[in-house]
Amino acid sequence: MAGIAQVAKEQPIIAPLIGFRPKLFLGSLLTGLLVGVLFYSWGYQIVNDIGVAGINRPVFWGFYITNFVFWIGISHAGTLISAILRVTQAEWRRPVTRCAEAITAFALMIGGLFPLIHLGRPWLAWYMVPIPTGRGIWPNFRSPLMWDIMAITTYLLGSLLYLFLPLVPDMAILRDRAAKENPRSIKTLFFTALALGWRGTPQQWHSLEAGIRAMAVIIIPVAVSVHTIVSWDFAMAVAPMWHSTIFGPYFVVGAIYSGIAVLMVAMYLLRRGLHLEEYLSDKVFNNLGLLFVAFALMWGYFTFAEHLTVWYGHEHAEINVFNERISGDFSVFFWTMIVVNTIIPLAILPFPWGRKPLATAVVGIGVMLGMWIERYLIVVGTLSFPRLDFNVGTYSASWVEMGILIGSIGLFGFLYFTFVQIAPIVSLWEVREGEHIQHRRTQPTSQSMPVQAVSAGEEARA
Amino acid sequence: MSTLHAAFATPDDARRALRILGADGVPASAIEVRSSVPLEHDLHAIGDKVTSKVHWMAVLGAFLGGFALFSLVKFTSEAYPLPTGGMPIVSLPPAGVITFEGVAIGAILCTVGTVLYECGLPGRKSLGPLDQHLAEDHILVSVECEEGAPEAWAANALETERV
């Protein structure tokens, strides 16, 4: 006999953790091959030096920085959305938070790889760590690149802990479950280690919930600061179409927008692949779809405002970059971005049928493509047409850069597939808690009185 | 002395058992309630108040983290002063950005540290005899009592075990 929660219903979440799932294995295998492409390409670059990449004067930032901004943007899917939903106590958040938080953690790890890849000689990255070198030189904290290091490190650490804290009670549930079947199995030992000895006492629950609430409040400004600081990597320079005061909010909105897109696609695949229709329901897609519409509108507004001021100002260097986007070499990219990021989402998502799982996933794929193109336009579009006209140049990505881009997508998939097989992708205890709250609301008020309120023994026995 | 463990199917059953224990005068320190979901709002152990200092520790951590990173920026700027053309060696806007991250990282680390401390994690206490019931969303009530003490409170339990 189960408790309030319908434990049998949890089977689709737990099944990948306890048994062999051919679909997940195949997914891990295919994405694992792409991870091989990533490390082969990166290894090739390390051995033959950075010259094998397409970056050259004047486009010194190419695919690598584009990918860096793209992945950091995607990382805003999880922790930020999850934190906002927790702070606002949105009940429908419960099945979504874990799969969103995992996206953040993995996207940040991959985003953080790209500055190392771009460095060419990754073993010199320690120069950014605040310890003096042999000559007593410290990192220069005036550089936005140092701000990046600090912000991304903080966000990564915060996101990993924010993912791990609510995972502990779930690991305890899995430990107790596995111990019942085989107390000495590897799975039992694994879950026991990650459960950290969790017992589920009132004190533990109280502290954990207080901690999660505090983390949610702290992580929101951190997430905003991360992409604001990434935008300042560009905006602090006087390069055309970079030196903009709205770059901070523009980047943050774009980041959350791309994050929601990835979340939509991930949720659709999880729902289909693991049969999680009970949890990742149409209602969840509908609610996130409404958020998606809001961000499509905001992103469209920021893009319009950004381009309108450049066009109206008509400053020589800026209008060159602008014209190349609107009708020049980059126009195909620009108009594709506009179509997939605004026209298609705004034609589909406002309607109830457009917020069904498949429709939102299709729109999400388009927005992911569009947001990558946006980053490419910002990075390569501007650097190809710098302020000094004689320095105009072109850029085309080499196979090494292509391999690393494709490999990074594979790495994300591989990490996600692995995570689904070692941790519940839907938070068991949070969903159970939701059911208990629902149950309590339907009970007479006397049932929810604390025990201290009852004084007489006779009354209690009655 | 021994401990009687009882597993209850619902919070209502567990609440009933706790009322009986309270009426029988069993002290709160002898009772332990455990669940796979947070039930503290409607399932207090008798007289057992749970508190947390997480929020205060987060504020303290924020101060410490901010102070530490501002100090790092100030120290490193002065330790290897760059030519600034008469501008301050310690530039406040960049120091503000780094200090903000320090505030956040300090608050995060102190929050997590306090949660682990208050929860007694990582803990080595061995699993109880009925812990598998927690996986099934049941509620466990354990009471330290003498052999032969009244067990009426556990009458509605799914399973009991004395250890």
# chains A, B, ... in the order shown; residues from 1 in each chain; ligands from 1
$ interface_residues --of "chain B" --to "chain A" --cutoff "7 Å" --atoms "only C-alpha atoms" --output "compact mmCIF listing (two decimals) with all heavy atoms, in the first residue's frame"
# COMPACT_ATOMS: atom_id res chain seq x y z
N ALA B 9 0.85 4.54 6.61
CA ALA B 9 0.58 4.76 5.18
C ALA B 9 0.40 6.23 4.86
O ALA B 9 0.83 6.70 3.80
CB ALA B 9 -0.65 3.97 4.76
N THR B 10 -0.24 6.97 5.76
CA THR B 10 -0.55 8.37 5.46
C THR B 10 -0.16 9.27 6.63
O THR B 10 -0.05 8.79 7.76
CB THR B 10 -2.06 8.56 5.20
OG1 THR B 10 -2.75 8.31 6.43
CG2 THR B 10 -2.57 7.63 4.12
N ASP B 12 -2.07 11.24 8.10
CA ASP B 12 -3.17 11.22 9.07
C ASP B 12 -2.98 10.08 10.08
O ASP B 12 -3.19 10.27 11.28
CB ASP B 12 -4.52 11.02 8.34
CG ASP B 12 -4.88 12.25 7.51
OD1 ASP B 12 -4.29 13.32 7.78
OD2 ASP B 12 -5.70 12.11 6.59
N ARG B 15 -0.19 11.05 12.34
CA ARG B 15 -0.62 12.12 13.25
C ARG B 15 -1.42 11.54 14.40
O ARG B 15 -1.25 11.93 15.56
CB ARG B 15 -1.46 13.12 12.46
CG ARG B 15 -1.70 14.43 13.20
CD ARG B 15 -2.52 15.41 12.38
NE ARG B 15 -1.84 15.80 11.17
CZ ARG B 15 -2.22 15.44 9.94
NH1 ARG B 15 -3.27 14.65 9.78
NH2 ARG B 15 -1.56 15.85 8.90
N LEU B 18 0.90 10.03 16.85
CA LEU B 18 1.62 11.04 17.64
C LEU B 18 0.72 11.65 18.71
O LEU B 18 1.17 11.98 19.80
CB LEU B 18 2.16 12.14 16.72
CG LEU B 18 3.31 11.70 15.81
CD1 LEU B 18 3.65 12.80 14.82
CD2 LEU B 18 4.54 11.34 16.62
N ARG B 19 -0.55 11.79 18.40
CA ARG B 19 -1.48 12.31 19.39
C ARG B 19 -1.57 11.36 20.59
O ARG B 19 -1.57 11.78 21.74
CB ARG B 19 -2.87 12.48 18.78
CG ARG B 19 -2.97 13.71 17.91
CD ARG B 19 -4.33 13.76 17.25
NE ARG B 19 -4.44 14.92 16.39
CZ ARG B 19 -5.30 15.02 15.41
NH1 ARG B 19 -6.13 14.05 15.13
NH2 ARG B 19 -5.35 16.12 14.68
N ILE B 20 -1.62 10.10 20.27
CA ILE B 20 -1.71 9.10 21.35
C ILE B 20 -0.43 9.13 22.19
O ILE B 20 -0.48 9.11 23.42
CB ILE B 20 -1.98 7.69 20.78
CG1 ILE B 20 -3.36 7.66 20.13
CG2 ILE B 20 -1.87 6.63 21.85
CD1 ILE B 20 -3.65 6.43 19.30
N ALA B 23 -0.55 12.11 24.36
CA ALA B 23 -1.49 11.93 25.46
C ALA B 23 -0.92 10.99 26.52
O ALA B 23 -1.21 11.14 27.71
CB ALA B 23 -2.79 11.35 24.91
N VAL B 33 10.27 11.25 13.87
CA VAL B 33 9.36 11.10 12.72
C VAL B 33 10.20 11.30 11.47
O VAL B 33 11.00 12.22 11.38
CB VAL B 33 8.24 12.17 12.75
CG1 VAL B 33 7.27 11.94 11.60
CG2 VAL B 33 7.51 12.13 14.07
N ARG B 34 10.01 10.43 10.50
CA ARG B 34 10.76 10.55 9.24
C ARG B 34 9.83 10.32 8.06
O ARG B 34 8.90 9.51 8.14
CB ARG B 34 11.91 9.54 9.21
CG ARG B 34 12.96 9.84 10.27
CD ARG B 34 13.82 8.64 10.54
NE ARG B 34 14.51 8.23 9.35
CZ ARG B 34 14.94 7.00 9.12
NH1 ARG B 34 14.75 6.06 10.02
NH2 ARG B 34 15.57 6.70 8.02
N SER B 35 10.12 11.04 6.98
CA SER B 35 9.25 10.92 5.80
C SER B 35 10.07 11.20 4.54
O SER B 35 11.18 11.74 4.62
CB SER B 35 8.10 11.93 5.90
OG SER B 35 8.63 13.22 6.04
N SER B 36 9.49 10.84 3.39
CA SER B 36 10.20 11.09 2.13
C SER B 36 9.79 12.43 1.51
O SER B 36 10.23 12.77 0.43
CB SER B 36 9.91 9.97 1.13
OG SER B 36 8.56 10.01 0.74
N VAL B 37 8.93 13.14 2.21
CA VAL B 37 8.55 14.50 1.78
C VAL B 37 8.52 15.40 3.00
O VAL B 37 8.38 14.91 4.13
CB VAL B 37 7.14 14.52 1.12
CG1 VAL B 37 7.12 13.82 -0.20
CG2 VAL B 37 6.11 13.93 2.04
N PRO B 38 8.67 16.70 2.81
CA PRO B 38 8.60 17.59 3.97
C PRO B 38 7.17 17.68 4.49
O PRO B 38 6.28 18.12 3.78
CB PRO B 38 9.06 18.95 3.42
CG PRO B 38 9.06 18.83 1.96
CD PRO B 38 8.96 17.41 1.57
N GLU B 40 6.60 18.86 7.78
CA GLU B 40 6.70 19.56 9.07
C GLU B 40 5.52 20.48 9.32
O GLU B 40 5.17 20.76 10.45
CB GLU B 40 7.99 20.36 9.14
CG GLU B 40 8.18 21.27 7.96
CD GLU B 40 9.42 22.12 8.10
OE1 GLU B 40 9.49 22.83 9.09
OE2 GLU B 40 10.27 22.08 7.22
N ASP B 42 2.38 20.00 8.85
CA ASP B 42 1.19 19.38 9.44
C ASP B 42 1.52 18.14 10.26
O ASP B 42 0.65 17.40 10.63
CB ASP B 42 0.17 19.05 8.36
CG ASP B 42 0.63 17.95 7.45
OD1 ASP B 42 1.83 17.64 7.44
OD2 ASP B 42 -0.21 17.40 6.76
N LEU B 43 2.79 17.91 10.52
CA LEU B 43 3.14 16.71 11.27
C LEU B 43 4.32 17.00 12.21
O LEU B 43 5.41 16.52 12.02
CB LEU B 43 3.50 15.58 10.30
CG LEU B 43 3.55 14.20 10.91
CD1 LEU B 43 2.18 13.73 11.32
CD2 LEU B 43 4.15 13.21 9.93
N HIS B 44 4.08 17.81 13.21
CA HIS B 44 5.13 18.09 14.19
C HIS B 44 5.23 16.92 15.17
O HIS B 44 4.22 16.36 15.55
CB HIS B 44 4.78 19.33 14.99
CG HIS B 44 4.71 20.57 14.17
ND1 HIS B 44 5.81 21.27 13.79
CD2 HIS B 44 3.65 21.22 13.65
CE1 HIS B 44 5.43 22.31 13.08
NE2 HIS B 44 4.12 22.30 12.98
N ALA B 45 6.43 16.65 15.57
CA ALA B 45 6.57 15.75 16.71
C ALA B 45 6.19 16.59 17.94
O ALA B 45 6.29 17.81 17.93
CB ALA B 45 8.00 15.27 16.83
N ILE B 46 5.76 15.93 19.00
CA ILE B 46 5.22 16.67 20.15
C ILE B 46 6.28 17.60 20.74
O ILE B 46 7.34 17.15 21.15
CB ILE B 46 4.75 15.67 21.23
CG1 ILE B 46 3.74 14.76 20.56
CG2 ILE B 46 4.13 16.39 22.40
CD1 ILE B 46 3.85 13.35 20.96
N GLY B 47 5.99 18.88 20.76
CA GLY B 47 6.88 19.85 21.38
C GLY B 47 8.20 20.03 20.66
O GLY B 47 9.09 20.71 21.16
N VAL B 50 11.48 22.83 15.08
CA VAL B 50 12.67 22.80 14.23
C VAL B 50 12.97 24.23 13.80
O VAL B 50 12.08 25.00 13.46
CB VAL B 50 12.46 21.89 13.00
CG1 VAL B 50 12.50 20.45 13.41
CG2 VAL B 50 11.16 22.19 12.30
N SER B 52 16.11 26.89 11.81
CA SER B 52 17.26 26.91 10.91
C SER B 52 17.87 28.30 10.89
O SER B 52 17.17 29.31 10.95
CB SER B 52 16.83 26.51 9.49
OG SER B 52 17.91 26.66 8.62
N VAL B 54 19.87 29.11 8.36
CA VAL B 54 20.40 29.19 6.99
C VAL B 54 20.39 30.63 6.47
O VAL B 54 21.39 31.09 5.91
CB VAL B 54 19.56 28.27 6.06
CG1 VAL B 54 19.81 28.61 4.60
CG2 VAL B 54 19.92 26.82 6.30
N HIS B 55 19.30 31.35 6.69
CA HIS B 55 19.20 32.69 6.11
C HIS B 55 20.24 33.64 6.70
O HIS B 55 20.87 34.42 5.99
CB HIS B 55 17.79 33.23 6.27
CG HIS B 55 16.78 32.42 5.52
ND1 HIS B 55 15.88 31.59 6.14
CD2 HIS B 55 16.59 32.26 4.19
CE1 HIS B 55 15.16 30.98 5.22
NE2 HIS B 55 15.56 31.37 4.03
N VAL B 73 41.02 42.08 -4.87
CA VAL B 73 41.20 43.05 -5.96
C VAL B 73 42.11 44.18 -5.50
O VAL B 73 43.03 44.60 -6.20
CB VAL B 73 39.83 43.61 -6.42
CG1 VAL B 73 40.02 44.72 -7.44
CG2 VAL B 73 38.98 42.50 -7.00
N THR B 76 45.80 42.88 -5.00
CA THR B 76 46.51 42.55 -6.24
C THR B 76 46.78 43.80 -7.08
O THR B 76 47.82 43.90 -7.74
CB THR B 76 45.73 41.52 -7.08
OG1 THR B 76 44.41 42.02 -7.32
CG2 THR B 76 45.62 40.20 -6.39
N TYR B 80 50.91 45.02 -7.74
CA TYR B 80 51.56 45.18 -9.05
C TYR B 80 50.87 46.34 -9.76
O TYR B 80 50.04 46.15 -10.65
CB TYR B 80 51.41 43.90 -9.87
CG TYR B 80 52.33 43.86 -11.07
CD1 TYR B 80 53.63 43.39 -10.95
CD2 TYR B 80 51.89 44.31 -12.31
CE1 TYR B 80 54.48 43.37 -12.03
CE2 TYR B 80 52.75 44.28 -13.42
CZ TYR B 80 54.03 43.81 -13.27
OH TYR B 80 54.87 43.78 -14.36
N PRO B 94 35.22 47.97 -11.69
CA PRO B 94 35.57 46.53 -11.80
C PRO B 94 35.60 45.84 -10.44
O PRO B 94 35.16 44.69 -10.31
CB PRO B 94 36.97 46.53 -12.41
CG PRO B 94 37.18 47.88 -12.95
CD PRO B 94 36.30 48.82 -12.19
N VAL B 97 32.18 44.73 -9.59
CA VAL B 97 31.73 43.51 -10.28
C VAL B 97 32.27 42.27 -9.56
O VAL B 97 31.53 41.32 -9.27
CB VAL B 97 32.21 43.51 -11.75
CG1 VAL B 97 31.91 42.18 -12.43
CG2 VAL B 97 31.56 44.66 -12.52
N ILE B 98 33.55 42.31 -9.26
CA ILE B 98 34.18 41.15 -8.60
C ILE B 98 33.61 40.98 -7.19
O ILE B 98 33.35 39.85 -6.74
CB ILE B 98 35.72 41.33 -8.53
CG1 ILE B 98 36.31 41.55 -9.93
CG2 ILE B 98 36.38 40.14 -7.84
CD1 ILE B 98 36.19 40.40 -10.87
N GLU B 101 30.31 39.21 -7.24
CA GLU B 101 30.44 37.75 -7.39
C GLU B 101 30.90 37.12 -6.07
O GLU B 101 30.50 36.01 -5.72
CB GLU B 101 31.42 37.40 -8.52
CG GLU B 101 31.01 37.90 -9.90
CD GLU B 101 29.63 37.41 -10.37
OE1 GLU B 101 29.20 36.33 -9.93
OE2 GLU B 101 29.00 38.13 -11.16
N ALA B 104 27.96 36.71 -3.83
CA ALA B 104 27.13 35.56 -4.23
C ALA B 104 27.80 34.25 -3.83
O ALA B 104 27.15 33.36 -3.27
CB ALA B 104 26.89 35.60 -5.73
N ILE B 105 29.09 34.14 -4.12
CA ILE B 105 29.76 32.86 -3.86
C ILE B 105 29.84 32.61 -2.35
O ILE B 105 29.67 31.47 -1.87
CB ILE B 105 31.14 32.81 -4.54
CG1 ILE B 105 31.48 31.39 -4.92
CG2 ILE B 105 32.25 33.39 -3.71
CD1 ILE B 105 32.58 31.26 -5.93
N ILE B 108 26.37 31.50 -1.22
CA ILE B 108 26.07 30.14 -1.68
C ILE B 108 26.81 29.11 -0.81
O ILE B 108 26.21 28.14 -0.32
CB ILE B 108 26.47 29.97 -3.16
CG1 ILE B 108 25.49 30.74 -4.06
CG2 ILE B 108 26.51 28.50 -3.57
CD1 ILE B 108 25.95 30.89 -5.49
N THR B 111 25.40 28.97 2.69
CA THR B 111 24.07 28.35 2.70
C THR B 111 24.21 26.84 2.66
O THR B 111 23.62 26.12 3.48
CB THR B 111 23.25 28.83 1.48
OG1 THR B 111 23.08 30.24 1.59
CG2 THR B 111 21.90 28.16 1.43
N VAL B 112 24.99 26.36 1.72
CA VAL B 112 25.13 24.90 1.56
C VAL B 112 25.82 24.30 2.79
O VAL B 112 25.39 23.26 3.31
CB VAL B 112 25.90 24.57 0.27
CG1 VAL B 112 26.17 23.08 0.17
CG2 VAL B 112 25.11 25.04 -0.94
N VAL B 115 23.30 24.14 5.61
CA VAL B 115 22.31 23.07 5.39
C VAL B 115 22.93 21.72 5.76
O VAL B 115 22.32 20.92 6.49
CB VAL B 115 21.82 23.06 3.93
CG1 VAL B 115 21.01 21.79 3.64
CG2 VAL B 115 20.98 24.29 3.62
N GLU B 118 23.37 21.54 9.62
CA GLU B 118 22.12 21.38 10.37
C GLU B 118 21.47 20.02 10.12
O GLU B 118 20.78 19.48 10.97
CB GLU B 118 21.14 22.49 10.00
CG GLU B 118 21.54 23.85 10.57
CD GLU B 118 20.54 24.95 10.25
OE1 GLU B 118 19.66 24.74 9.39
OE2 GLU B 118 20.65 26.02 10.85
N CYS B 119 21.70 19.50 8.91
CA CYS B 119 21.12 18.18 8.57
C CYS B 119 21.99 17.03 9.06
O CYS B 119 21.62 15.87 8.94
CB CYS B 119 20.95 18.04 7.06
SG CYS B 119 19.72 19.14 6.38
N LEU B 121 24.83 16.14 7.70
CA LEU B 121 25.32 15.44 6.51
C LEU B 121 26.78 15.81 6.23
O LEU B 121 27.15 16.96 6.47
CB LEU B 121 24.47 15.80 5.28
CG LEU B 121 22.97 15.54 5.40
CD1 LEU B 121 22.27 16.02 4.14
CD2 LEU B 121 22.68 14.07 5.64
N PRO B 122 27.56 14.93 5.72
CA PRO B 122 27.24 13.53 5.50
C PRO B 122 27.18 12.77 6.81
O PRO B 122 28.00 12.98 7.68
CB PRO B 122 28.38 13.02 4.60
CG PRO B 122 29.46 14.03 4.70
CD PRO B 122 28.90 15.29 5.23
N GLY B 123 26.19 11.90 6.94
CA GLY B 123 26.01 11.16 8.17
C GLY B 123 26.32 9.69 7.99
O GLY B 123 26.26 9.16 6.87
N ARG B 124 26.64 9.04 9.08
CA ARG B 124 27.02 7.62 8.98
C ARG B 124 26.00 6.73 9.69
O ARG B 124 26.22 5.53 9.81
CB ARG B 124 28.39 7.40 9.62
CG ARG B 124 29.52 7.91 8.76
CD ARG B 124 30.85 7.68 9.44
NE ARG B 124 31.94 7.91 8.51
CZ ARG B 124 32.44 6.97 7.73
NH1 ARG B 124 31.96 5.75 7.76
NH2 ARG B 124 33.45 7.25 6.92
N LYS B 125 24.91 7.36 10.19
CA LYS B 125 23.94 6.55 10.93
C LYS B 125 23.37 5.46 10.01
O LYS B 125 22.97 5.76 8.87
CB LYS B 125 22.81 7.47 11.41
CG LYS B 125 22.06 6.93 12.58
CD LYS B 125 21.23 8.02 13.25
CE LYS B 125 20.44 7.43 14.39
NZ LYS B 125 19.66 8.43 15.10
N ASP B 131 13.21 1.28 6.77
CA ASP B 131 13.48 2.42 5.90
C ASP B 131 12.95 2.25 4.47
O ASP B 131 12.71 3.22 3.77
CB ASP B 131 14.98 2.72 5.85
CG ASP B 131 15.40 3.56 7.04
OD1 ASP B 131 14.59 3.67 7.98
OD2 ASP B 131 16.51 4.10 7.03
N GLN B 132 12.79 0.99 4.06
CA GLN B 132 12.28 0.80 2.70
C GLN B 132 10.88 1.39 2.54
O GLN B 132 10.46 1.71 1.42
CB GLN B 132 12.31 -0.69 2.29
CG GLN B 132 11.26 -1.56 2.93
CD GLN B 132 11.68 -2.05 4.31
OE1 GLN B 132 12.69 -1.61 4.86
NE2 GLN B 132 10.92 -2.97 4.87
N LEU B 134 10.05 4.31 3.42
CA LEU B 134 10.18 5.71 3.00
C LEU B 134 10.14 5.82 1.48
O LEU B 134 9.64 6.79 0.93
CB LEU B 134 11.49 6.30 3.53
CG LEU B 134 11.56 6.53 5.04
CD1 LEU B 134 12.97 6.96 5.44
CD2 LEU B 134 10.54 7.58 5.47
N ALA B 135 10.69 4.80 0.81
CA ALA B 135 10.67 4.82 -0.66
C ALA B 135 9.25 4.74 -1.19
O ALA B 135 8.99 5.12 -2.33
CB ALA B 135 11.51 3.66 -1.19
N GLU B 136 8.35 4.22 -0.35
CA GLU B 136 6.95 4.08 -0.80
C GLU B 136 6.07 5.18 -0.25
O GLU B 136 4.85 5.04 -0.17
CB GLU B 136 6.44 2.69 -0.39
CG GLU B 136 7.10 1.59 -1.19
CD GLU B 136 6.83 0.22 -0.59
OE1 GLU B 136 5.80 0.07 0.08
OE2 GLU B 136 7.68 -0.67 -0.79
N ASP B 137 6.70 6.27 0.16
CA ASP B 137 5.96 7.45 0.63
C ASP B 137 5.21 7.19 1.93
O ASP B 137 4.18 7.80 2.19
CB ASP B 137 5.01 7.97 -0.46
CG ASP B 137 4.51 9.37 -0.15
OD1 ASP B 137 5.26 10.12 0.50
OD2 ASP B 137 3.39 9.71 -0.55
N HIS B 138 5.71 6.26 2.73
CA HIS B 138 5.12 6.05 4.05
C HIS B 138 5.84 6.92 5.07
O HIS B 138 6.88 7.48 4.77
CB HIS B 138 5.23 4.57 4.46
CG HIS B 138 4.46 3.66 3.55
ND1 HIS B 138 4.81 2.36 3.35
CD2 HIS B 138 3.39 3.88 2.75
CE1 HIS B 138 3.98 1.80 2.48
NE2 HIS B 138 3.12 2.71 2.10
$ select_by_dssp --residues "region 10-92 of chain B" --states "strand (DSSP E or B)" --output "number ranges by chain"
B: 31-34
$ atom_distance --atom1 "CA of Asn156 (chain B)" --atom2 "CA of Leu4 (chain B)"
13.8 Å
$ closest_residue --among "B:Ala68, B:Leu92, B:Ile31, B:Ala62" --to "Ala6 (chain B)" --atoms "only C-alpha atoms"
B:Ile31
$ select_by_dssp --residues "region 278-341 of chain A" --states "helix (DSSP H, G or I)" --output "PyMOL selection string"
chain A and resi 282-313+316-326+331-341
$ residues_around --residues "Gly366 (chain A)" --least-positions-apart "2" --cutoff "12 Å" --atoms "only C-alpha atoms" --output "NGL selection string"
:A and (257-258 or 260-262 or 264-265 or 296 or 336-345 or 359-364 or 368-373)
$ residues_around --residues "Ala305 (chain A)" --least-positions-apart "6" --cutoff "10 Å" --atoms "only C-alpha atoms" --output "PDB file with all heavy atoms, in the first residue's frame"
ATOM      1  N   ILE A 246      22.376  48.771 -24.170  1.00  0.00           N
ATOM      2  CA  ILE A 246      21.329  47.754 -23.908  1.00  0.00           C
ATOM      3  C   ILE A 246      21.852  46.330 -24.092  1.00  0.00           C
ATOM      4  O   ILE A 246      21.082  45.378 -24.033  1.00  0.00           O
ATOM      5  CB  ILE A 246      20.067  47.955 -24.781  1.00  0.00           C
ATOM      6  CG1 ILE A 246      20.350  47.714 -26.270  1.00  0.00           C
ATOM      7  CG2 ILE A 246      19.452  49.314 -24.551  1.00  0.00           C
ATOM      8  CD1 ILE A 246      19.076  47.479 -27.071  1.00  0.00           C
ATOM      9  N   TYR A 250      19.799  42.868 -23.317  1.00  0.00           N
ATOM     10  CA  TYR A 250      19.571  42.176 -24.598  1.00  0.00           C
ATOM     11  C   TYR A 250      20.130  40.748 -24.528  1.00  0.00           C
ATOM     12  O   TYR A 250      19.485  39.778 -24.929  1.00  0.00           O
ATOM     13  CB  TYR A 250      20.247  42.985 -25.697  1.00  0.00           C
ATOM     14  CG  TYR A 250      20.050  42.492 -27.121  1.00  0.00           C
ATOM     15  CD1 TYR A 250      18.896  41.826 -27.510  1.00  0.00           C
ATOM     16  CD2 TYR A 250      21.018  42.733 -28.084  1.00  0.00           C
ATOM     17  CE1 TYR A 250      18.718  41.411 -28.822  1.00  0.00           C
ATOM     18  CE2 TYR A 250      20.851  42.325 -29.407  1.00  0.00           C
ATOM     19  CZ  TYR A 250      19.706  41.653 -29.763  1.00  0.00           C
ATOM     20  OH  TYR A 250      19.537  41.242 -31.057  1.00  0.00           O
ATOM     21  N   TRP A 299      12.636  39.605 -27.033  1.00  0.00           N
ATOM     22  CA  TRP A 299      13.834  39.502 -27.874  1.00  0.00           C
ATOM     23  C   TRP A 299      13.622  40.289 -29.166  1.00  0.00           C
ATOM     24  O   TRP A 299      14.529  41.016 -29.612  1.00  0.00           O
ATOM     25  CB  TRP A 299      14.150  38.032 -28.187  1.00  0.00           C
ATOM     26  CG  TRP A 299      15.421  37.900 -28.959  1.00  0.00           C
ATOM     27  CD1 TRP A 299      16.687  37.825 -28.459  1.00  0.00           C
ATOM     28  CD2 TRP A 299      15.547  37.893 -30.387  1.00  0.00           C
ATOM     29  NE1 TRP A 299      17.592  37.760 -29.476  1.00  0.00           N
ATOM     30  CE2 TRP A 299      16.931  37.799 -30.671  1.00  0.00           C
ATOM     31  CE3 TRP A 299      14.648  37.941 -31.436  1.00  0.00           C
ATOM     32  CZ2 TRP A 299      17.420  37.756 -31.979  1.00  0.00           C
ATOM     33  CZ3 TRP A 299      15.133  37.910 -32.735  1.00  0.00           C
ATOM     34  CH2 TRP A 299      16.505  37.815 -32.997  1.00  0.00           C
ATOM     35  N   TRP A 311      20.677  52.381 -37.215  1.00  0.00           N
ATOM     36  CA  TRP A 311      20.277  52.909 -38.518  1.00  0.00           C
ATOM     37  C   TRP A 311      20.025  54.417 -38.441  1.00  0.00           C
ATOM     38  O   TRP A 311      20.467  55.176 -39.290  1.00  0.00           O
ATOM     39  CB  TRP A 311      19.005  52.186 -38.996  1.00  0.00           C
ATOM     40  CG  TRP A 311      18.466  52.750 -40.260  1.00  0.00           C
ATOM     41  CD1 TRP A 311      18.951  52.575 -41.521  1.00  0.00           C
ATOM     42  CD2 TRP A 311      17.343  53.629 -40.380  1.00  0.00           C
ATOM     43  NE1 TRP A 311      18.200  53.272 -42.423  1.00  0.00           N
ATOM     44  CE2 TRP A 311      17.199  53.939 -41.758  1.00  0.00           C
ATOM     45  CE3 TRP A 311      16.443  54.184 -39.476  1.00  0.00           C
ATOM     46  CZ2 TRP A 311      16.192  54.781 -42.228  1.00  0.00           C
ATOM     47  CZ3 TRP A 311      15.441  55.004 -39.940  1.00  0.00           C
ATOM     48  CH2 TRP A 311      15.318  55.302 -41.317  1.00  0.00           C
TER      49      TRP A 311
END
$ closest_residue --among "B:Val141, B:Leu109, B:Leu116, B:Val163" --to "Gly65 (chain B)" --atoms "only C-alpha atoms"
B:Leu109
$ atom_distance --atom1 "CA of Pro350 (chain A)" --atom2 "CA of Ile84 (chain A)"
22.1 Å
$ residues_around --residues "region 93-101 of chain A" --least-positions-apart "4" --cutoff "10 Å" --atoms "only C-alpha atoms" --output "PyMOL selection string"
chain A and resi 75-86+88-89+105-107+159-160+162-164+166-167+259-260+262-264+266-267+270+276+278-281+284-285+287-288+416+419-420+423-434
$ atom_distance --atom1 "CA of Glu315 (chain A)" --atom2 "CA of Phe60 (chain A)"
23.6 Å
